[in-house]
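work15.txt follows; it contains compact mmCIF, C-alpha atoms and all ligand atoms.
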```txt
# COMPACT_ATOMS: atom_id res chain seq x y z
CA MET A 153 76.62 72.78 79.40
CA THR A 154 78.00 75.26 81.96
CA LYS A 155 76.07 78.51 82.35
CA ILE A 156 77.58 80.84 84.91
CA LEU A 157 76.10 83.63 87.01
CA VAL A 158 78.46 86.08 88.75
CA THR A 159 77.01 88.34 91.45
CA GLY A 160 78.83 91.49 92.57
CA ALA A 161 80.60 91.20 89.23
CA LEU A 162 81.63 94.86 89.00
CA GLY A 163 83.68 94.67 92.21
CA GLN A 164 87.40 94.19 92.76
CA ILE A 165 87.33 90.40 92.33
CA GLY A 166 84.30 90.04 90.05
CA SER A 167 85.57 92.34 87.33
CA GLU A 168 88.68 90.17 86.85
CA LEU A 169 87.10 86.80 87.59
CA ALA A 170 84.26 87.37 85.11
CA GLU A 171 86.76 88.19 82.38
CA LYS A 172 88.65 84.95 83.06
CA LEU A 173 85.44 82.89 83.17
CA ALA A 174 84.37 84.38 79.84
CA GLN A 175 87.73 83.36 78.33
CA ILE A 176 87.30 79.80 79.59
CA TYR A 177 83.56 79.20 79.04
CA GLY A 178 82.73 81.80 76.36
CA SER A 179 81.11 85.22 76.99
CA GLU A 180 77.72 83.86 75.97
CA ASN A 181 77.87 81.40 78.88
CA VAL A 182 78.59 84.00 81.56
CA LEU A 183 76.03 86.42 82.98
CA ILE A 184 77.44 89.23 85.09
CA THR A 185 75.19 90.96 87.61
CA ASP A 186 75.55 93.71 90.19
CA ILE A 187 73.40 96.23 92.03
CA ARG A 188 75.30 98.92 90.09
CA GLU A 189 75.17 99.63 86.37
CA PRO A 190 78.43 98.93 84.51
CA GLU A 191 80.38 101.81 83.04
CA GLN A 192 80.27 102.06 79.27
CA ASN A 193 82.49 99.69 77.32
CA HIS A 194 82.87 97.37 80.27
CA LEU A 195 83.56 93.73 79.49
CA ASP A 196 81.82 92.30 76.48
CA ILE A 197 79.81 89.94 78.70
CA PRO A 198 76.01 89.98 79.10
CA TYR A 199 74.93 92.04 82.13
CA GLN A 200 71.73 92.20 84.18
CA LYS A 201 71.06 94.28 87.23
CA LEU A 202 70.53 92.09 90.32
CA ASP A 203 70.12 93.09 93.95
CA VAL A 204 70.95 89.91 95.86
CA ASN A 205 68.81 91.07 98.78
CA ASP A 206 65.87 90.26 96.49
CA GLU A 207 65.31 86.53 96.93
CA GLN A 208 62.72 86.27 94.15
CA ALA A 209 64.95 88.15 91.70
CA ILE A 210 67.77 85.65 92.39
CA LYS A 211 65.43 82.70 91.77
CA ASP A 212 64.07 84.26 88.56
CA ILE A 213 67.49 85.02 87.11
CA VAL A 214 68.78 81.49 87.85
CA ILE A 215 65.72 79.74 86.37
CA ASN A 216 65.16 82.07 83.39
CA ASN A 217 68.79 81.83 82.28
CA GLN A 218 69.24 78.10 83.03
CA ILE A 219 72.20 78.92 85.25
CA THR A 220 74.26 75.91 86.38
CA GLU A 221 77.05 77.55 88.41
CA VAL A 222 77.19 80.65 90.57
CA TYR A 223 80.14 82.75 91.73
CA HIS A 224 78.45 84.68 94.52
CA LEU A 225 80.69 87.69 95.17
CA ALA A 226 78.17 90.40 96.12
CA ALA A 227 78.92 91.42 99.70
CA MET A 228 79.61 94.24 102.09
CA LEU A 229 83.30 94.25 103.00
CA SER A 230 84.88 94.38 106.45
CA ALA A 231 85.40 98.11 107.00
CA THR A 232 81.99 99.08 105.57
CA ALA A 233 80.22 96.30 107.50
CA GLU A 234 81.63 97.73 110.76
CA LYS A 235 79.74 100.94 109.92
CA TYR A 236 76.53 99.22 108.77
CA PRO A 237 76.51 95.96 110.77
CA ILE A 238 72.87 94.96 110.27
CA GLN A 239 72.86 95.62 106.52
CA GLY A 240 76.22 93.83 106.31
CA TRP A 241 74.95 90.79 108.16
CA ASN A 242 71.76 90.57 106.08
CA LEU A 243 73.53 90.99 102.75
CA ASN A 244 76.42 88.67 103.60
CA THR A 245 74.29 85.78 104.89
CA ASN A 246 70.77 85.75 103.40
CA SER A 247 71.76 85.77 99.73
CA LEU A 248 74.11 82.81 100.28
CA LEU A 249 71.22 80.85 101.80
CA THR A 250 69.07 81.62 98.76
CA PHE A 251 71.70 80.16 96.41
CA LEU A 252 72.24 77.13 98.68
CA GLU A 253 68.48 76.46 98.70
CA LEU A 254 68.45 76.60 94.88
CA ALA A 255 71.31 74.08 94.79
CA LYS A 256 69.51 71.86 97.32
CA ASP A 257 66.52 71.90 94.94
CA LYS A 258 68.86 70.88 92.08
CA LYS A 259 68.42 74.19 90.28
CA LEU A 260 72.21 74.77 90.49
CA SER A 261 75.02 72.24 90.27
CA LYS A 262 77.93 74.21 91.79
CA ILE A 263 78.45 77.34 93.88
CA PHE A 264 81.55 79.39 94.67
CA TRP A 265 81.26 81.68 97.66
CA PRO A 266 84.27 83.48 99.15
CA SER A 267 85.05 83.44 102.82
CA SER A 268 87.89 85.46 104.35
CA ILE A 269 90.76 85.44 106.84
CA ALA A 270 88.30 87.58 108.84
CA VAL A 271 86.83 84.34 110.25
CA PHE A 272 89.80 84.27 112.63
CA GLY A 273 90.01 86.34 115.80
CA ARG A 274 90.35 85.77 119.51
CA GLY A 275 92.23 82.62 120.41
CA ALA A 276 93.47 81.79 116.91
CA ALA A 277 97.21 81.31 116.31
CA ALA A 278 98.44 84.48 114.59
CA ASP A 279 101.30 82.85 112.68
CA MET A 280 100.59 80.13 110.15
CA THR A 281 96.98 79.94 111.34
CA PRO A 282 95.90 76.30 110.82
CA GLN A 283 92.99 75.21 108.63
CA GLU A 284 91.09 73.83 111.61
CA GLU A 285 91.41 76.69 114.08
CA VAL A 286 88.94 78.41 116.42
CA THR A 287 86.91 81.07 114.65
CA ASN A 288 86.01 83.85 117.10
CA PRO A 289 85.98 86.94 114.87
CA LEU A 290 85.84 90.42 116.35
CA SER A 291 84.06 92.00 113.37
CA MET A 292 80.48 91.72 112.14
CA TYR A 293 81.91 90.84 108.71
CA GLY A 294 83.88 87.96 110.24
CA VAL A 295 80.83 86.70 112.13
CA ALA A 296 78.87 86.61 108.84
CA LYS A 297 81.72 84.74 107.12
CA VAL A 298 81.80 82.14 109.94
CA ALA A 299 78.04 81.70 109.55
CA GLY A 300 78.44 81.38 105.77
CA GLU A 301 81.08 78.69 106.18
CA GLY A 302 78.70 76.84 108.50
CA PHE A 303 75.89 77.07 105.93
CA CYS A 304 78.23 75.65 103.25
CA GLU A 305 79.25 72.70 105.42
CA ILE A 306 75.65 71.92 106.42
CA TYR A 307 74.28 72.10 102.86
CA HIS A 308 77.15 69.91 101.68
CA GLN A 309 76.82 67.27 104.44
CA LYS A 310 73.02 67.17 104.64
CA TYR A 311 71.95 67.82 101.06
CA GLY A 312 75.04 67.00 98.96
CA VAL A 313 75.33 70.57 97.65
CA ASP A 314 78.60 71.19 95.78
CA VAL A 315 79.66 74.52 97.28
CA ARG A 316 83.32 75.53 97.34
CA SER A 317 85.02 78.30 99.22
CA ILE A 318 88.32 80.01 99.94
CA ARG A 319 89.32 82.18 102.89
CA TYR A 320 90.80 84.93 100.73
CA PRO A 321 93.52 87.05 102.28
CA GLY A 322 93.65 90.79 101.43
CA LEU A 323 93.63 91.05 97.64
CA ILE A 324 95.84 93.47 95.74
CA SER A 325 94.97 94.51 92.21
CA TRP A 326 95.24 97.43 89.80
CA LYS A 327 92.21 97.03 87.47
CA THR A 328 89.36 97.77 89.90
CA LEU A 329 89.59 99.65 93.18
CA PRO A 330 88.86 97.64 96.33
CA GLY A 331 85.44 98.06 97.91
CA GLY A 332 85.91 98.96 101.58
CA GLY A 333 88.13 96.30 103.16
CA THR A 334 90.72 96.56 105.93
CA THR A 335 93.57 95.53 103.63
CA ASP A 336 92.76 98.26 101.04
CA TYR A 337 95.81 100.21 102.28
CA ALA A 338 98.04 97.82 100.35
CA VAL A 339 96.35 98.93 97.10
CA ASP A 340 96.07 102.65 97.99
CA ILE A 341 99.79 102.79 98.74
CA TYR A 342 100.71 102.03 95.11
CA TYR A 343 98.39 104.75 93.75
CA LYS A 344 99.69 107.35 96.24
CA ALA A 345 103.32 106.34 95.65
CA LEU A 346 102.91 107.10 91.96
CA GLU A 347 100.71 110.19 92.34
CA ASP A 348 102.16 111.91 95.45
CA LYS A 349 105.33 109.98 96.39
CA LYS A 350 103.98 109.73 99.92
CA TYR A 351 101.33 107.72 101.73
CA GLU A 352 99.66 107.96 105.12
CA SER A 353 98.78 104.41 106.13
CA PHE A 354 95.61 103.75 108.11
CA ILE A 355 97.25 100.49 109.23
CA GLY A 356 100.04 100.92 111.75
CA GLU A 357 103.72 100.07 111.54
CA GLY A 358 104.52 96.44 112.36
CA THR A 359 101.07 95.08 111.43
CA ALA A 360 101.68 91.98 109.32
CA LEU A 361 98.69 90.74 107.31
CA PRO A 362 98.15 87.93 104.80
CA MET A 363 97.76 89.31 101.27
CA MET A 364 97.65 88.00 97.71
CA TYR A 365 98.04 89.41 94.20
CA MET A 366 94.76 89.21 92.27
CA ASP A 367 96.18 86.99 89.50
CA ASP A 368 96.94 84.32 92.10
CA ALA A 369 93.48 84.70 93.70
CA ILE A 370 91.69 84.31 90.36
CA ARG A 371 93.79 81.26 89.48
CA ALA A 372 93.09 79.75 92.92
CA THR A 373 89.35 80.26 92.44
CA ILE A 374 89.29 78.63 89.00
CA GLU A 375 91.54 75.76 90.13
CA LEU A 376 89.35 75.06 93.14
CA MET A 377 86.17 75.13 91.02
CA GLN A 378 87.72 72.79 88.43
CA ALA A 379 89.16 70.33 90.98
CA PRO A 380 87.54 66.87 91.07
CA LYS A 381 84.81 66.90 93.73
CA GLU A 382 86.11 63.72 95.36
CA ASP A 383 89.52 65.34 96.03
CA LEU A 384 88.04 68.08 98.20
CA THR A 385 88.10 67.49 101.96
CA ILE A 386 87.23 70.98 103.25
CA HIS A 387 83.59 71.99 102.99
CA THR A 388 83.74 75.15 105.10
CA ALA A 389 86.43 77.17 103.26
CA TYR A 390 90.06 76.53 102.36
CA ASN A 391 92.87 78.48 104.01
CA LEU A 392 95.00 80.21 101.37
CA GLN A 393 98.36 81.89 101.87
CA GLY A 394 99.99 84.28 99.43
CA ILE A 395 102.32 86.97 100.78
CA THR A 396 102.70 88.32 104.30
CA PHE A 397 104.06 91.85 104.83
CA THR A 398 103.84 94.92 107.07
CA PRO A 399 103.23 98.50 105.82
CA GLU A 400 106.95 99.30 106.23
CA GLU A 401 107.92 96.23 104.19
CA ILE A 402 105.68 97.14 101.24
CA ALA A 403 106.94 100.75 101.51
CA ALA A 404 110.56 99.54 101.37
CA GLU A 405 109.74 97.49 98.27
CA ILE A 406 108.14 100.53 96.58
CA LYS A 407 111.18 102.65 97.52
CA LYS A 408 113.33 100.36 95.37
CA HIS A 409 111.42 101.79 92.38
CA ILE A 410 110.51 105.29 93.65
CA SER A 411 113.48 106.30 95.80
CA ASP A 412 111.89 109.45 97.32
CA PHE A 413 108.67 107.65 98.38
CA GLU A 414 107.77 108.14 102.05
CA ILE A 415 105.26 106.42 104.33
CA SER A 416 103.68 107.81 107.52
CA TYR A 417 101.14 106.23 109.87
CA ALA A 418 97.73 107.31 111.15
CA PRO A 419 95.95 104.11 112.25
CA ASP A 420 92.14 104.43 112.43
CA TYR A 421 89.22 102.13 113.32
CA ARG A 422 90.49 99.56 110.82
CA GLN A 423 93.57 98.91 112.98
CA ALA A 424 91.46 97.00 115.52
CA ILE A 425 90.14 94.74 112.74
CA ALA A 426 93.67 94.18 111.40
CA ASP A 427 94.98 93.42 114.91
CA SER A 428 92.38 90.67 115.28
CA TRP A 429 93.44 88.95 112.01
CA PRO A 430 96.28 86.47 111.46
CA ASN A 431 99.76 87.40 110.21
CA SER A 432 100.07 84.37 107.97
CA ILE A 433 98.03 81.31 107.02
CA ASP A 434 98.79 77.59 106.82
CA ASP A 435 97.36 76.39 103.51
CA THR A 436 98.75 72.85 103.55
CA GLN A 437 95.28 71.37 102.91
CA ALA A 438 94.76 73.45 99.74
CA GLN A 439 98.20 72.34 98.55
CA LYS A 440 97.30 68.69 99.19
CA ASP A 441 93.74 68.68 97.83
CA TRP A 442 94.07 70.80 94.68
CA ASN A 443 97.79 71.53 94.33
CA TRP A 444 97.58 75.18 95.36
CA LYS A 445 100.79 77.19 94.91
CA PRO A 446 101.04 81.01 94.72
CA GLU A 447 103.24 82.56 92.03
CA PHE A 448 103.65 86.15 93.20
CA ASP A 449 105.82 87.44 96.04
CA LEU A 450 106.11 91.04 97.29
CA ASP A 451 108.88 91.81 94.82
CA SER A 452 107.13 90.51 91.67
CA MET A 453 103.74 91.90 92.74
CA THR A 454 105.24 95.38 93.24
CA VAL A 455 106.82 95.30 89.78
CA GLU A 456 103.44 94.33 88.25
CA MET A 457 101.41 96.85 90.26
CA LEU A 458 103.69 99.80 89.44
CA LYS A 459 103.94 98.85 85.77
CA HIS A 460 100.17 98.55 85.27
CA LEU A 461 99.26 101.58 87.40
CA LYS A 462 101.80 103.80 85.63
CA SER A 463 100.13 103.04 82.35
CA LYS A 464 96.58 103.26 83.78
CA LEU A 465 97.27 106.62 85.47
CA LYS A 466 99.48 107.81 82.58
CA ILE A 467 102.33 108.62 84.99
CA ASN A 468 106.02 108.75 84.09
CA VAL A 469 108.19 108.15 87.13
N1 LIG B 501 88.88 91.93 98.10
C1 LIG B 501 89.37 91.29 99.15
O1 LIG B 501 90.49 91.60 99.61
C2 LIG B 501 88.60 90.17 99.78
C3 LIG B 501 89.21 89.43 100.81
C4 LIG B 501 88.49 88.41 101.43
C5 LIG B 501 87.23 88.09 100.98
N2 LIG B 501 86.65 88.81 99.98
C6 LIG B 501 85.29 88.45 99.58
O2 LIG B 501 85.17 88.35 98.17
C7 LIG B 501 83.88 88.78 97.74
C8 LIG B 501 84.00 89.87 96.70
O3 LIG B 501 84.79 90.91 97.22
P1 LIG B 501 85.28 92.18 96.37
O4 LIG B 501 86.57 92.57 96.95
O5 LIG B 501 85.15 91.93 94.92
O6 LIG B 501 84.19 93.24 96.86
P2 LIG B 501 83.78 94.64 96.18
O7 LIG B 501 83.21 95.49 97.26
O8 LIG B 501 84.88 95.18 95.36
O9 LIG B 501 82.61 94.18 95.21
C9 LIG B 501 81.37 93.76 95.68
C10 LIG B 501 80.34 94.07 94.62
O10 LIG B 501 79.07 93.70 95.14
C11 LIG B 501 78.13 94.68 94.70
N3 LIG B 501 76.99 94.68 95.61
C12 LIG B 501 76.87 95.28 96.81
N4 LIG B 501 75.64 95.08 97.31
C13 LIG B 501 74.97 94.33 96.40
C14 LIG B 501 73.65 93.80 96.35
N5 LIG B 501 72.77 93.99 97.34
N6 LIG B 501 73.31 93.09 95.26
C15 LIG B 501 74.20 92.87 94.26
N7 LIG B 501 75.44 93.37 94.23
C16 LIG B 501 75.82 94.08 95.31
C17 LIG B 501 78.89 96.00 94.72
O11 LIG B 501 78.29 96.95 93.84
C18 LIG B 501 80.27 95.56 94.24
O12 LIG B 501 80.42 95.71 92.83
C19 LIG B 501 83.15 89.20 99.03
O13 LIG B 501 82.39 88.12 99.53
C20 LIG B 501 84.27 89.51 99.98
O14 LIG B 501 83.87 89.36 101.32
C21 LIG B 501 87.31 89.84 99.38
```
What is this file in C-alpha cells?
Ligand SMILES: NC(=O)c1ccc[n+]([C@@H]2O[C@H](COP(=O)([O-])OP(=O)(O)OC[C@H]3O[C@@H](n4cnc5c(N)ncnc54)[C@H](O)[C@@H]3O)[C@@H](O)[C@H]2O)c1
Amino acid sequence: MTKILVTGALGQIGSELAEKLAQIYGSENVLITDIREPEQNHLDIPYQKLDVNDEQAIKDIVINNQITEVYHLAAMLSATAEKYPIQGWNLNTNSLLTFLELAKDKKLSKIFWPSSIAVFGRGAAADMTPQEEVTNPLSMYGVAKVAGEGFCEIYHQKYGVDVRSIRYPGLISWKTLPGGGTTDYAVDIYYKALEDKKYESFIGEGTALPMMYMDDAIRATIELMQAPKEDLTIHTAYNLQGITFTPEEIAAEIKKHISDFEISYAPDYRQAIADSWPNSIDDTQAQKDWNWKPEFDLDSMTVEMLKHLKSKLKINV
C-alpha cells in the first residue's frame, strides 16, 4: 500500500504534482504539507502543516501516517537563497538528510528529491552539458544541490536507500506562481504580455537557459518514480532537457500571438546566476534508463501558457 507525503506541496511544482499523485494513488493516500496554510478550496487532498526544519515533526508525520513514499519539494530557490544563504543551505540540506535517515531505518521505501541544473557552474560544458560533468556551482543554492546529490548517492550505495532525483531545468507553469528562482522571468513574461503587452526582463538578451513546461516535468517525475529500480543507473540526479531559449526567442514566440508585445532588458543580480548555468543539457541517460522524452517545445508551450493564463486572468486579447 503506497502512502505518499509531499513537502512544499503548495509551491509551483508541488501544487501540480500532488494533484497528479492524488489521481494515480487516490486522495486518501496522499498527504500534502507545507509551512504555509493552503488557500480555501485548494485541492481536495488531506493537508497538514509541516516545517521541514523541524526534524522531530518530520519523523512524527511519517510514522503517525504510515508514510511509504516522500516527494520532498520544500526548499529555498536560487534567487532567494542568494539573499539568505545560511537559511537556504540549512533548509535545502538538513531536511533531506532527515528523510534519508528515515529510509535508512526502513521507515520509508522510496524518496523523490529534486536537484537542479544549478549544480553546474565553473568548468562545465555550457552546451549539451553531460550527465557526468564537473559540478562547481557559483550559487549557494547550487552548492546545496551538489551536497544533496552526494547524500543521495551515499545513502543509496551504503544503505540501499531508494532515492531518485532529477536535475530540473527552469520550470514554466500557469497554475501556481514560481517561488523565487532565476528562471522565473520565463513565467513572468507571459503574465506581463497579457496584462501590459510589455515586459522588462531581469535576464539579459542572448542568455540561453534550459527550461521545461510543467506538464513534462510532472510526467518525468512520475515516470522516474515508477521506473523499475534495477533499470536506474544514476543515483545522484538525472540530467533532463526540455526546451532551450533566450529571452528574445520567447518574446518572438509571444509576438506571434500578441503582435504589439515588446520586451526590454534590465539584468539584475540573477544574471550572474544565469550566466553560470548551462544553455542546454544532455539527457541521454534518462532516455536510456526510463525512456524520457519531452512533449512540449517553445511553440506548443506558448500556446498552452497563453490559453490558460487568458482564462485565469480573464483577459481577452
Ligand atoms: N521551479 C523550478 O523551476 C525548479 C527548478 C529546479 C529545481 N527545483 C526544485 O524543486 C523543488 C520545488 O520547487 P518549487 O519550484 O515548487 O518551489 P516553490 O518555492 O514554488 O515551493 C516551495 C514550497 O516550499 C515551502 N516551504 C518553504 N520553506 C519550508 C519549510 N521550512 N517547511 C516546509 N515547507 C516550506 C514553500 O511555502 C513553498 O510552498 C525545490 O527543491 C527546487 O529547488 C525547482
Q) Leaving out Ile374 of chain A and any residue of its chain fewer than 6 positions from it, which residues lie within 9 Å of it when counting all atoms listed in the file, given as a list in words? A)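 That gives Leu169, Lys172 and Leu173 of chain A.
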Q: Using only C-alpha atoms and all ligand atoms, find each protein or nucleic acid residue lying at most 8 Å from ligand LIG 501 (chain B); present the set as a ChimeraX atom specification.
A: /A:159-167,185-188,201-206,224-230,243-244,265-270,293,297,319-324,328-333,335-336,363
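Distances here use all atoms listed in the file; by that measure, the residue among A:Ser291, A:Gln208, A:Asn217, A:Ser411 closest to Phe251 of chain A is A:Gln208.
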Q: Using only C-alpha atoms, find the one residue out of A:Ile238, A:Val271, A:Leu248, A:Ile406 that sits nearest to Lys459 of chain A.
A: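 Among the listed residues, A:Ile406 lies closest to Lys459 of chain A.
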Q: Calculate how many Å separate atom CA of Lys256 of chain A from atom CA of His308 of chain A, rounding to one decimal.
A: 9.0 Å
**Q.** atom CA of Glu168 of chain A to atom CA of Cys304 of chain A, straight-line distance in Å
**A.** 24.3 Å
**Q.** Length of the atom CA of Ile306 of chain A to atom CA of Thr388 of chain A vector [Å]
**A.**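 Spanning atom CA of Ile306 of chain A to atom CA of Thr388 of chain A is a straight-line distance of 8.8 Å.
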What are the centre and the three edge lengths of an axis-aligned box that wraps all atoms of segment 159-163 of chain A in the file, given that 3 Å is added to every side, written as lines of an AutoDock Vina configuration file and rounded to one decimal in Å?
```
center_x = 80.3
center_y = 91.6
center_z = 90.8
size_x = 12.7
size_y = 12.5
size_z = 9.6
```
